[in-house]
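Read through the structure below, which is laid out as structure tokens, and then see the notes.
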Amino acid sequence: MKSDFAAAHLHLDRACHYLRGDDETSRTALAALDLVIEAVATALYARPEAEVVPFPISAAQR
């Protein structure tokens with residue numbers, strides 16, 4: 001099963017809207033959610049590293 005990073009990002013964003021309290025616990029939870037959202041966004045937009053394939057060079061091009 002593959003992870004649905006887009007859906008996870010949406011739900012974490014919504015969770016942030018519910019944590020609008022001015023208390024220390026809300027601020028700590030928001031800071032933690034920000035880190036998780038950043039990790040999810042990184043995973044969502046990360047591209048696999050490409051393999052570089054050498055291009056053959058003929059003797060005439062050298």
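Going by the structure tokens order, chains are called A, B, ..., each with residues numbered from 1, while ligands are numbered from 1 in the order shown.
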
Need to verify the contact set: stretch 1-11 of chain A, 12 Å, only C-alpha atoms, exclusion of same-chain residues closer than 2 positions in sequence. Can you return it as JSON, numbers by chain? {"A": [13, 14, 15, 16, 17, 18, 33, 34, 35, 36, 37, 38, 39, 40, 41, 42, 43, 44, 45, 46]}

Could you tell me how far atom CA of A:Glu49 lies from atom CA of A:Leu12, in Å and to one decimal?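 Between atom CA of A:Glu49 and atom CA of A:Leu12 the gap is 27.2 Å.
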
Report the residues of chain A whose backbone DSSP state falls under alpha helix (DSSP H), written as a JSON list (two decimals) with N, CA and C atoms, in the first residue's frame.
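Once written, out_10.json looks like this:
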```
[["chain", "number", "residue", "atom", "x", "y", "z"],
["A", 5, "PHE", "N", 0.35, 11.05, 0.54],
["A", 5, "PHE", "CA", 0.92, 12.22, 1.19],
["A", 5, "PHE", "C", 0.04, 13.46, 1.02],
["A", 6, "ALA", "N", -0.65, 13.56, -0.09],
["A", 6, "ALA", "CA", -1.53, 14.71, -0.31],
["A", 6, "ALA", "C", -2.67, 14.71, 0.70],
["A", 7, "ALA", "N", -3.28, 13.56, 0.94],
["A", 7, "ALA", "CA", -4.36, 13.47, 1.92],
["A", 7, "ALA", "C", -3.84, 13.73, 3.33],
["A", 8, "ALA", "N", -2.66, 13.20, 3.64],
["A", 8, "ALA", "CA", -2.07, 13.42, 4.95],
["A", 8, "ALA", "C", -1.82, 14.92, 5.17],
["A", 9, "HIS", "N", -1.33, 15.58, 4.14],
["A", 9, "HIS", "CA", -1.06, 17.02, 4.23],
["A", 9, "HIS", "C", -2.35, 17.78, 4.51],
["A", 10, "LEU", "N", -3.41, 17.42, 3.82],
["A", 10, "LEU", "CA", -4.71, 18.08, 4.00],
["A", 10, "LEU", "C", -5.20, 17.91, 5.44],
["A", 11, "HIS", "N", -5.13, 16.71, 5.97],
["A", 11, "HIS", "CA", -5.62, 16.45, 7.33],
["A", 11, "HIS", "C", -4.76, 17.15, 8.38],
["A", 12, "LEU", "N", -3.47, 17.19, 8.16],
["A", 12, "LEU", "CA", -2.59, 17.89, 9.10],
["A", 12, "LEU", "C", -2.85, 19.39, 9.08],
["A", 13, "ASP", "N", -3.12, 19.93, 7.89],
["A", 13, "ASP", "CA", -3.47, 21.35, 7.78],
["A", 13, "ASP", "C", -4.75, 21.64, 8.55],
["A", 14, "ARG", "N", -5.72, 20.76, 8.42],
["A", 14, "ARG", "CA", -6.99, 20.94, 9.15],
["A", 14, "ARG", "C", -6.75, 20.87, 10.66],
["A", 15, "ALA", "N", -5.89, 19.98, 11.08],
["A", 15, "ALA", "CA", -5.58, 19.86, 12.51],
["A", 15, "ALA", "C", -5.02, 21.16, 13.05],
["A", 16, "CYS", "N", -4.22, 21.84, 12.25],
["A", 16, "CYS", "CA", -3.66, 23.13, 12.67],
["A", 16, "CYS", "C", -4.76, 24.16, 12.94],
["A", 17, "HIS", "N", -5.82, 24.11, 12.15],
["A", 17, "HIS", "CA", -6.92, 25.06, 12.33],
["A", 17, "HIS", "C", -7.66, 24.82, 13.64],
["A", 18, "TYR", "N", -7.66, 23.60, 14.13],
["A", 18, "TYR", "CA", -8.33, 23.28, 15.39],
["A", 18, "TYR", "C", -7.48, 23.64, 16.60],
["A", 24, "GLU", "N", 0.17, 27.02, 26.08],
["A", 24, "GLU", "CA", 1.47, 26.42, 25.75],
["A", 24, "GLU", "C", 1.31, 25.08, 25.02],
["A", 25, "THR", "N", 0.32, 24.29, 25.42],
["A", 25, "THR", "CA", 0.11, 22.99, 24.79],
["A", 25, "THR", "C", -0.27, 23.16, 23.32],
["A", 26, "SER", "N", -1.14, 24.11, 23.01],
["A", 26, "SER", "CA", -1.53, 24.37, 21.61],
["A", 26, "SER", "C", -0.34, 24.83, 20.79],
["A", 27, "ARG", "N", 0.47, 25.72, 21.37],
["A", 27, "ARG", "CA", 1.65, 26.22, 20.64],
["A", 27, "ARG", "C", 2.65, 25.10, 20.39],
["A", 28, "THR", "N", 2.85, 24.23, 21.38],
["A", 28, "THR", "CA", 3.77, 23.10, 21.22],
["A", 28, "THR", "C", 3.26, 22.12, 20.17],
["A", 29, "ALA", "N", 1.96, 21.85, 20.20],
["A", 29, "ALA", "CA", 1.36, 20.93, 19.22],
["A", 29, "ALA", "C", 1.46, 21.51, 17.81],
["A", 30, "LEU", "N", 1.22, 22.81, 17.67],
["A", 30, "LEU", "CA", 1.34, 23.46, 16.35],
["A", 30, "LEU", "C", 2.77, 23.38, 15.82],
["A", 31, "ALA", "N", 3.74, 23.58, 16.70],
["A", 31, "ALA", "CA", 5.13, 23.50, 16.28],
["A", 31, "ALA", "C", 5.47, 22.08, 15.81],
["A", 32, "ALA", "N", 4.97, 21.08, 16.53],
["A", 32, "ALA", "CA", 5.20, 19.69, 16.13],
["A", 32, "ALA", "C", 4.50, 19.39, 14.80],
["A", 33, "LEU", "N", 3.27, 19.87, 14.65],
["A", 33, "LEU", "CA", 2.56, 19.65, 13.39],
["A", 33, "LEU", "C", 3.27, 20.31, 12.22],
["A", 34, "ASP", "N", 3.83, 21.48, 12.44],
["A", 34, "ASP", "CA", 4.59, 22.15, 11.38],
["A", 34, "ASP", "C", 5.74, 21.28, 10.89],
["A", 35, "LEU", "N", 6.42, 20.62, 11.81],
["A", 35, "LEU", "CA", 7.52, 19.73, 11.41],
["A", 35, "LEU", "C", 7.02, 18.53, 10.62],
["A", 36, "VAL", "N", 5.90, 17.97, 11.06],
["A", 36, "VAL", "CA", 5.33, 16.82, 10.35],
["A", 36, "VAL", "C", 4.83, 17.24, 8.97],
["A", 37, "ILE", "N", 4.18, 18.40, 8.88],
["A", 37, "ILE", "CA", 3.70, 18.90, 7.58],
["A", 37, "ILE", "C", 4.87, 19.12, 6.64],
["A", 38, "GLU", "N", 5.96, 19.66, 7.14],
["A", 38, "GLU", "CA", 7.14, 19.87, 6.30],
["A", 38, "GLU", "C", 7.70, 18.54, 5.79],
["A", 39, "ALA", "N", 7.73, 17.53, 6.66],
["A", 39, "ALA", "CA", 8.22, 16.21, 6.25],
["A", 39, "ALA", "C", 7.30, 15.58, 5.20],
["A", 40, "VAL", "N", 6.00, 15.73, 5.38],
["A", 40, "VAL", "CA", 5.03, 15.19, 4.41],
["A", 40, "VAL", "C", 5.15, 15.92, 3.08],
["A", 41, "ALA", "N", 5.28, 17.24, 3.12],
["A", 41, "ALA", "CA", 5.43, 18.01, 1.88],
["A", 41, "ALA", "C", 6.72, 17.62, 1.16],
["A", 42, "THR", "N", 7.78, 17.40, 1.90],
["A", 42, "THR", "CA", 9.04, 16.97, 1.29],
["A", 42, "THR", "C", 8.86, 15.62, 0.60],
["A", 43, "ALA", "N", 8.18, 14.70, 1.27],
["A", 43, "ALA", "CA", 7.93, 13.38, 0.68],
["A", 43, "ALA", "C", 7.01, 13.47, -0.53],
["A", 44, "LEU", "N", 6.04, 14.38, -0.46],
["A", 44, "LEU", "CA", 5.07, 14.54, -1.55],
["A", 44, "LEU", "C", 5.74, 15.04, -2.82],
["A", 45, "TYR", "N", 6.66, 15.98, -2.68],
["A", 45, "TYR", "CA", 7.27, 16.60, -3.86],
["A", 45, "TYR", "C", 8.66, 16.07, -4.20]]
```
